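Engineer: My file is model_31.cif. It has mmCIF, N, CA and C atoms:
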data_protein
#
loop_
_atom_site.label_atom_id
_atom_site.label_comp_id
_atom_site.auth_asym_id
_atom_site.auth_seq_id
_atom_site.Cartn_x
_atom_site.Cartn_y
_atom_site.Cartn_z
N GLN Z 15 16.79 -0.69 14.58
CA GLN Z 15 17.43 -0.30 13.34
C GLN Z 15 16.55 -0.76 12.18
N ARG Z 16 16.27 0.17 11.27
CA ARG Z 16 15.40 -0.14 10.13
C ARG Z 16 16.18 -0.83 9.04
N ASP Z 17 15.49 -1.67 8.31
CA ASP Z 17 16.07 -2.39 7.18
C ASP Z 17 15.30 -2.02 5.93
N ASP Z 18 15.91 -1.21 5.06
CA ASP Z 18 15.25 -0.79 3.83
C ASP Z 18 15.51 -1.73 2.66
N SER Z 19 16.10 -2.89 2.92
CA SER Z 19 16.45 -3.80 1.83
C SER Z 19 15.21 -4.28 1.09
N ILE Z 20 14.06 -4.28 1.75
CA ILE Z 20 12.84 -4.73 1.10
C ILE Z 20 12.49 -3.84 -0.09
N LEU Z 21 12.92 -2.59 -0.04
CA LEU Z 21 12.62 -1.67 -1.13
C LEU Z 21 13.43 -2.01 -2.37
N ARG Z 22 14.54 -2.71 -2.18
CA ARG Z 22 15.38 -3.08 -3.31
C ARG Z 22 15.13 -4.52 -3.76
N ASP Z 23 14.59 -5.33 -2.88
CA ASP Z 23 14.42 -6.76 -3.17
C ASP Z 23 13.01 -7.17 -2.78
N ASP Z 24 12.22 -7.61 -3.75
CA ASP Z 24 10.83 -7.98 -3.48
C ASP Z 24 10.68 -9.32 -2.79
N ALA Z 25 11.75 -10.09 -2.67
CA ALA Z 25 11.65 -11.41 -2.05
C ALA Z 25 11.63 -11.27 -0.54
N ILE Z 26 10.51 -11.62 0.06
CA ILE Z 26 10.37 -11.58 1.51
C ILE Z 26 10.11 -12.99 1.98
N ASP Z 27 10.90 -13.43 2.93
CA ASP Z 27 10.68 -14.75 3.51
C ASP Z 27 9.58 -14.63 4.56
N LEU Z 28 8.38 -15.05 4.21
CA LEU Z 28 7.25 -14.91 5.11
C LEU Z 28 7.43 -15.68 6.42
N ASN Z 29 8.22 -16.73 6.38
CA ASN Z 29 8.46 -17.51 7.59
C ASN Z 29 9.32 -16.77 8.61
N GLN Z 30 10.06 -15.77 8.15
CA GLN Z 30 10.94 -15.01 9.03
C GLN Z 30 10.30 -13.73 9.57
N LEU Z 31 9.07 -13.43 9.13
CA LEU Z 31 8.42 -12.19 9.55
C LEU Z 31 7.82 -12.32 10.95
N ASN Z 32 7.97 -11.27 11.71
CA ASN Z 32 7.26 -11.14 12.97
C ASN Z 32 6.65 -9.74 12.97
N THR Z 33 5.94 -9.40 14.01
CA THR Z 33 5.25 -8.11 14.06
C THR Z 33 6.22 -6.95 13.87
N PHE Z 34 7.36 -7.00 14.51
CA PHE Z 34 8.31 -5.89 14.44
C PHE Z 34 8.92 -5.75 13.05
N LYS Z 35 9.23 -6.87 12.42
CA LYS Z 35 9.76 -6.81 11.05
C LYS Z 35 8.71 -6.28 10.09
N ILE Z 36 7.48 -6.72 10.26
CA ILE Z 36 6.40 -6.24 9.39
C ILE Z 36 6.28 -4.72 9.53
N LEU Z 37 6.24 -4.22 10.76
CA LEU Z 37 6.09 -2.78 10.97
C LEU Z 37 7.30 -2.01 10.46
N ASN Z 38 8.48 -2.59 10.56
CA ASN Z 38 9.68 -1.97 10.02
C ASN Z 38 9.58 -1.83 8.51
N TYR Z 39 9.16 -2.89 7.85
CA TYR Z 39 9.00 -2.85 6.40
C TYR Z 39 7.89 -1.88 5.99
N VAL Z 40 6.80 -1.90 6.73
CA VAL Z 40 5.69 -0.99 6.43
C VAL Z 40 6.16 0.46 6.52
N GLN Z 41 6.92 0.77 7.54
CA GLN Z 41 7.44 2.14 7.69
C GLN Z 41 8.30 2.52 6.48
N SER Z 42 9.13 1.61 6.02
CA SER Z 42 9.96 1.89 4.85
C SER Z 42 9.10 2.12 3.61
N TYR Z 43 8.09 1.29 3.43
CA TYR Z 43 7.20 1.46 2.29
C TYR Z 43 6.49 2.80 2.34
N LEU Z 44 5.98 3.17 3.50
CA LEU Z 44 5.24 4.43 3.62
C LEU Z 44 6.15 5.64 3.39
N GLU Z 45 7.38 5.56 3.84
CA GLU Z 45 8.33 6.65 3.61
C GLU Z 45 8.62 6.83 2.13
N HIS Z 46 8.41 5.77 1.35
CA HIS Z 46 8.63 5.83 -0.11
C HIS Z 46 7.31 5.85 -0.87
N ASN Z 47 6.23 6.19 -0.15
CA ASN Z 47 4.90 6.35 -0.75
C ASN Z 47 4.42 5.10 -1.48
N GLN Z 48 4.72 3.95 -0.93
CA GLN Z 48 4.30 2.67 -1.50
C GLN Z 48 3.18 2.09 -0.63
N TRP Z 49 2.01 2.72 -0.73
CA TRP Z 49 0.88 2.37 0.13
C TRP Z 49 0.38 0.96 -0.10
N TYR Z 50 0.33 0.54 -1.35
CA TYR Z 50 -0.19 -0.79 -1.66
C TYR Z 50 0.66 -1.88 -0.99
N ASN Z 51 1.98 -1.75 -1.10
CA ASN Z 51 2.86 -2.74 -0.48
C ASN Z 51 2.77 -2.70 1.03
N ALA Z 52 2.63 -1.50 1.60
CA ALA Z 52 2.48 -1.37 3.05
C ALA Z 52 1.21 -2.07 3.52
N LEU Z 53 0.14 -1.86 2.78
CA LEU Z 53 -1.13 -2.50 3.14
C LEU Z 53 -1.03 -4.02 3.06
N ARG Z 54 -0.40 -4.50 2.01
CA ARG Z 54 -0.24 -5.96 1.86
C ARG Z 54 0.46 -6.55 3.08
N LEU Z 55 1.50 -5.88 3.56
CA LEU Z 55 2.21 -6.41 4.72
C LEU Z 55 1.39 -6.27 6.00
N MET Z 56 0.70 -5.16 6.17
CA MET Z 56 -0.10 -4.98 7.38
C MET Z 56 -1.17 -6.06 7.50
N GLN Z 57 -1.65 -6.55 6.38
CA GLN Z 57 -2.67 -7.59 6.40
C GLN Z 57 -2.12 -8.93 6.87
N LEU Z 58 -0.80 -9.03 7.00
CA LEU Z 58 -0.18 -10.26 7.51
C LEU Z 58 -0.18 -10.32 9.03
N LEU Z 59 -0.46 -9.19 9.67
CA LEU Z 59 -0.50 -9.19 11.14
C LEU Z 59 -1.62 -10.09 11.64
N THR Z 60 -1.39 -10.68 12.81
CA THR Z 60 -2.39 -11.56 13.41
C THR Z 60 -2.57 -11.17 14.87
N GLY Z 61 -3.63 -11.68 15.46
CA GLY Z 61 -3.86 -11.50 16.89
C GLY Z 61 -4.11 -10.05 17.26
N GLU Z 62 -3.61 -9.67 18.43
CA GLU Z 62 -3.83 -8.31 18.94
C GLU Z 62 -3.20 -7.24 18.05
N PRO Z 63 -2.00 -7.45 17.48
CA PRO Z 63 -1.47 -6.44 16.56
C PRO Z 63 -2.42 -6.18 15.38
N ARG Z 64 -3.06 -7.23 14.89
CA ARG Z 64 -4.02 -7.06 13.79
C ARG Z 64 -5.23 -6.26 14.27
N ASN Z 65 -5.72 -6.56 15.47
CA ASN Z 65 -6.85 -5.82 16.01
C ASN Z 65 -6.53 -4.34 16.15
N VAL Z 66 -5.33 -4.03 16.63
CA VAL Z 66 -4.91 -2.64 16.80
C VAL Z 66 -4.79 -1.95 15.44
N ALA Z 67 -4.28 -2.67 14.44
CA ALA Z 67 -4.03 -2.08 13.13
C ALA Z 67 -5.25 -2.09 12.21
N GLN Z 68 -6.34 -2.73 12.61
CA GLN Z 68 -7.48 -2.92 11.71
C GLN Z 68 -8.04 -1.60 11.18
N SER Z 69 -8.15 -0.58 12.01
CA SER Z 69 -8.70 0.69 11.51
C SER Z 69 -7.75 1.31 10.49
N TRP Z 70 -6.43 1.18 10.71
CA TRP Z 70 -5.47 1.69 9.71
C TRP Z 70 -5.62 0.92 8.41
N ILE Z 71 -5.77 -0.39 8.49
CA ILE Z 71 -5.94 -1.23 7.30
C ILE Z 71 -7.19 -0.79 6.54
N ASN Z 72 -8.28 -0.59 7.25
CA ASN Z 72 -9.53 -0.15 6.61
C ASN Z 72 -9.36 1.21 5.95
N ASP Z 73 -8.70 2.14 6.66
CA ASP Z 73 -8.48 3.48 6.10
C ASP Z 73 -7.56 3.42 4.88
N ALA Z 74 -6.54 2.58 4.93
CA ALA Z 74 -5.62 2.46 3.79
C ALA Z 74 -6.34 1.87 2.58
N ARG Z 75 -7.20 0.88 2.80
CA ARG Z 75 -7.99 0.32 1.69
C ARG Z 75 -8.87 1.40 1.06
N SER Z 76 -9.52 2.17 1.91
CA SER Z 76 -10.39 3.24 1.44
C SER Z 76 -9.59 4.29 0.66
N TYR Z 77 -8.45 4.66 1.20
CA TYR Z 77 -7.58 5.64 0.54
C TYR Z 77 -7.16 5.14 -0.85
N LEU Z 78 -6.72 3.88 -0.91
CA LEU Z 78 -6.26 3.34 -2.19
C LEU Z 78 -7.39 3.23 -3.20
N ALA Z 79 -8.59 2.89 -2.75
CA ALA Z 79 -9.74 2.81 -3.65
C ALA Z 79 -10.08 4.20 -4.20
N LYS Z 80 -10.04 5.20 -3.34
CA LYS Z 80 -10.33 6.57 -3.79
C LYS Z 80 -9.24 7.08 -4.71
N LYS Z 81 -8.00 6.75 -4.40
CA LYS Z 81 -6.87 7.16 -5.25
C LYS Z 81 -7.00 6.54 -6.63
N GLN Z 82 -7.35 5.26 -6.68
CA GLN Z 82 -7.51 4.59 -7.96
C GLN Z 82 -8.66 5.21 -8.76
N THR Z 83 -9.75 5.52 -8.09
CA THR Z 83 -10.89 6.14 -8.75
C THR Z 83 -10.53 7.51 -9.30
N SER Z 84 -9.81 8.30 -8.51
CA SER Z 84 -9.43 9.64 -8.98
C SER Z 84 -8.47 9.56 -10.16
N GLU Z 85 -7.56 8.58 -10.14
CA GLU Z 85 -6.64 8.41 -11.27
C GLU Z 85 -7.40 7.98 -12.52
N LEU Z 86 -8.40 7.14 -12.35
CA LEU Z 86 -9.23 6.72 -13.49
C LEU Z 86 -9.99 7.90 -14.06
N LEU Z 87 -10.60 8.70 -13.20
CA LEU Z 87 -11.35 9.87 -13.66
C LEU Z 87 -10.43 10.89 -14.33
N GLU Z 88 -9.24 11.05 -13.79
CA GLU Z 88 -8.28 11.97 -14.39
C GLU Z 88 -7.87 11.49 -15.79
N ALA Z 89 -7.61 10.20 -15.92
CA ALA Z 89 -7.24 9.65 -17.23
C ALA Z 89 -8.40 9.80 -18.21
N TYR Z 90 -9.62 9.56 -17.74
CA TYR Z 90 -10.78 9.69 -18.61
C TYR Z 90 -10.97 11.13 -19.05
N SER Z 91 -10.86 12.08 -18.13
CA SER Z 91 -11.04 13.48 -18.49
C SER Z 91 -9.93 13.95 -19.44
N ASN Z 92 -8.72 13.45 -19.24
CA ASN Z 92 -7.63 13.80 -20.15
C ASN Z 92 -7.89 13.24 -21.54
N SER Z 93 -8.43 12.03 -21.61
CA SER Z 93 -8.68 11.44 -22.92
C SER Z 93 -9.80 12.18 -23.65
N ILE Z 94 -10.80 12.66 -22.91
CA ILE Z 94 -11.86 13.45 -23.53
C ILE Z 94 -11.29 14.76 -24.03
N GLY Z 95 -10.43 15.36 -23.22
CA GLY Z 95 -9.80 16.62 -23.61
C GLY Z 95 -8.96 16.48 -24.86
N LEU Z 96 -8.39 15.34 -25.05
CA LEU Z 96 -7.57 15.10 -26.24
C LEU Z 96 -8.40 14.63 -27.42
N GLY Z 97 -9.67 14.37 -27.17
CA GLY Z 97 -10.55 13.91 -28.24
C GLY Z 97 -10.34 12.46 -28.63
N THR Z 98 -9.77 11.66 -27.74
CA THR Z 98 -9.50 10.27 -28.09
C THR Z 98 -10.68 9.35 -27.79
N LEU Z 99 -11.61 9.81 -26.97
CA LEU Z 99 -12.80 9.02 -26.70
C LEU Z 99 -14.02 9.76 -27.22
N PRO Z 100 -14.99 9.04 -27.72
CA PRO Z 100 -16.20 9.71 -28.20
C PRO Z 100 -16.95 10.33 -27.03
N ARG Z 101 -17.52 11.50 -27.27
CA ARG Z 101 -18.32 12.15 -26.24
C ARG Z 101 -19.77 11.80 -26.43
N SER Z 102 -20.46 11.63 -25.32
CA SER Z 102 -21.89 11.33 -25.42
C SER Z 102 -22.65 12.62 -25.68
N SER Z 103 -23.74 12.49 -26.41
CA SER Z 103 -24.54 13.68 -26.72
C SER Z 103 -25.57 13.91 -25.67
#
Is it possible to express this structure as structure tokens?

Structural biologist:
Amino acid sequence: QRDDSILRDDAIDLNQLNTFKILNYVQSYLEHNQWYNALRLMQLLTGEPRNVAQSWINDARSYLAKKQTSELLEAYSNSIGLGTLPRSS
């Protein structure tokens, strides 16, 4: 049974987390498109679960970096379009 309470309450007792709780929370975050929070929790995995999840962690980091870059470029292009930033000659 999934527990979506983490989506309403940011307080997580790290001492009570185990692999299954982490994955449960990660699933809830991903269903709500909260990739950053899902990644933060996945990085708490240790041992073999961490080894299994490492490629997902790497891919999620890459995705978030590209997403941030695209958002920055979009904001920059919008600001140029509005004439709020000086254009280089």

Engineer: Expressed in Å to a single decimal, how great is the separation between atom C of Z:Ser76 and atom C of Z:Asn92?

Structural biologist: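 Separating atom C of Z:Ser76 from atom C of Z:Asn92 is a distance of 24.0 Å.
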
Engineer: Give me the result of the PyMOL selection byres (((chain Z and resi 67-74 and name CA) around 8) and name CA) on this file, residue by residue, as a count of residues only.

Structural biologist: 12

Engineer: When you draw a straight line from atom CA of Z:Gln82 to atom C of Z:Asn51, how long is it in Å?

Structural biologist: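 About the pair atom CA of Z:Gln82 and atom C of Z:Asn51: they are 15.5 Å apart.
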
Engineer: Write down as an MDAnalysis selection string the residues of stretch 21-67 of chain Z whose backbone DSSP state falls under alpha helix (DSSP H).

Structural biologist: chainID Z and resid 33:45 49:56 61:67

Engineer: Keeping only N, CA and C atoms, write the selected residues as a short mmCIF file (atom, residue, chain, number, x, y, z; two decimals), in the coordinates of the input.

Structural biologist:
data_model
loop_
_atom_site.label_atom_id
_atom_site.label_comp_id
_atom_site.auth_asym_id
_atom_site.auth_seq_id
_atom_site.Cartn_x
_atom_site.Cartn_y
_atom_site.Cartn_z
N THR Z 33 5.94 -9.40 14.01
CA THR Z 33 5.25 -8.11 14.06
C THR Z 33 6.22 -6.95 13.87
N PHE Z 34 7.36 -7.00 14.51
CA PHE Z 34 8.31 -5.89 14.44
C PHE Z 34 8.92 -5.75 13.05
N LYS Z 35 9.23 -6.87 12.42
CA LYS Z 35 9.76 -6.81 11.05
C LYS Z 35 8.71 -6.28 10.09
N ILE Z 36 7.48 -6.72 10.26
CA ILE Z 36 6.40 -6.24 9.39
C ILE Z 36 6.28 -4.72 9.53
N LEU Z 37 6.24 -4.22 10.76
CA LEU Z 37 6.09 -2.78 10.97
C LEU Z 37 7.30 -2.01 10.46
N ASN Z 38 8.48 -2.59 10.56
CA ASN Z 38 9.68 -1.97 10.02
C ASN Z 38 9.58 -1.83 8.51
N TYR Z 39 9.16 -2.89 7.85
CA TYR Z 39 9.00 -2.85 6.40
C TYR Z 39 7.89 -1.88 5.99
N VAL Z 40 6.80 -1.90 6.73
CA VAL Z 40 5.69 -0.99 6.43
C VAL Z 40 6.16 0.46 6.52
N GLN Z 41 6.92 0.77 7.54
CA GLN Z 41 7.44 2.14 7.69
C GLN Z 41 8.30 2.52 6.48
N SER Z 42 9.13 1.61 6.02
CA SER Z 42 9.96 1.89 4.85
C SER Z 42 9.10 2.12 3.61
N TYR Z 43 8.09 1.29 3.43
CA TYR Z 43 7.20 1.46 2.29
C TYR Z 43 6.49 2.80 2.34
N LEU Z 44 5.98 3.17 3.50
CA LEU Z 44 5.24 4.43 3.62
C LEU Z 44 6.15 5.64 3.39
N GLU Z 45 7.38 5.56 3.84
CA GLU Z 45 8.33 6.65 3.61
C GLU Z 45 8.62 6.83 2.13
N TRP Z 49 2.01 2.72 -0.73
CA TRP Z 49 0.88 2.37 0.13
C TRP Z 49 0.38 0.96 -0.10
N TYR Z 50 0.33 0.54 -1.35
CA TYR Z 50 -0.19 -0.79 -1.66
C TYR Z 50 0.66 -1.88 -0.99
N ASN Z 51 1.98 -1.75 -1.10
CA ASN Z 51 2.86 -2.74 -0.48
C ASN Z 51 2.77 -2.70 1.03
N ALA Z 52 2.63 -1.50 1.60
CA ALA Z 52 2.48 -1.37 3.05
C ALA Z 52 1.21 -2.07 3.52
N LEU Z 53 0.14 -1.86 2.78
CA LEU Z 53 -1.13 -2.50 3.14
C LEU Z 53 -1.03 -4.02 3.06
N ARG Z 54 -0.40 -4.50 2.01
CA ARG Z 54 -0.24 -5.96 1.86
C ARG Z 54 0.46 -6.55 3.08
N LEU Z 55 1.50 -5.88 3.56
CA LEU Z 55 2.21 -6.41 4.72
C LEU Z 55 1.39 -6.27 6.00
N MET Z 56 0.70 -5.16 6.17
CA MET Z 56 -0.10 -4.98 7.38
C MET Z 56 -1.17 -6.06 7.50
N GLY Z 61 -3.63 -11.68 15.46
CA GLY Z 61 -3.86 -11.50 16.89
C GLY Z 61 -4.11 -10.05 17.26
N GLU Z 62 -3.61 -9.67 18.43
CA GLU Z 62 -3.83 -8.31 18.94
C GLU Z 62 -3.20 -7.24 18.05
N PRO Z 63 -2.00 -7.45 17.48
CA PRO Z 63 -1.47 -6.44 16.56
C PRO Z 63 -2.42 -6.18 15.38
N ARG Z 64 -3.06 -7.23 14.89
CA ARG Z 64 -4.02 -7.06 13.79
C ARG Z 64 -5.23 -6.26 14.27
N ASN Z 65 -5.72 -6.56 15.47
CA ASN Z 65 -6.85 -5.82 16.01
C ASN Z 65 -6.53 -4.34 16.15
N VAL Z 66 -5.33 -4.03 16.63
CA VAL Z 66 -4.91 -2.64 16.80
C VAL Z 66 -4.79 -1.95 15.44
N ALA Z 67 -4.28 -2.67 14.44
CA ALA Z 67 -4.03 -2.08 13.13
C ALA Z 67 -5.25 -2.09 12.21
#

Engineer: How far is it from atom CA of Z:Thr83 to atom CA of Z:Gln48, in Å with one decimal?

Structural biologist: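 Between atom CA of Z:Thr83 and atom CA of Z:Gln48 the gap is 17.2 Å.
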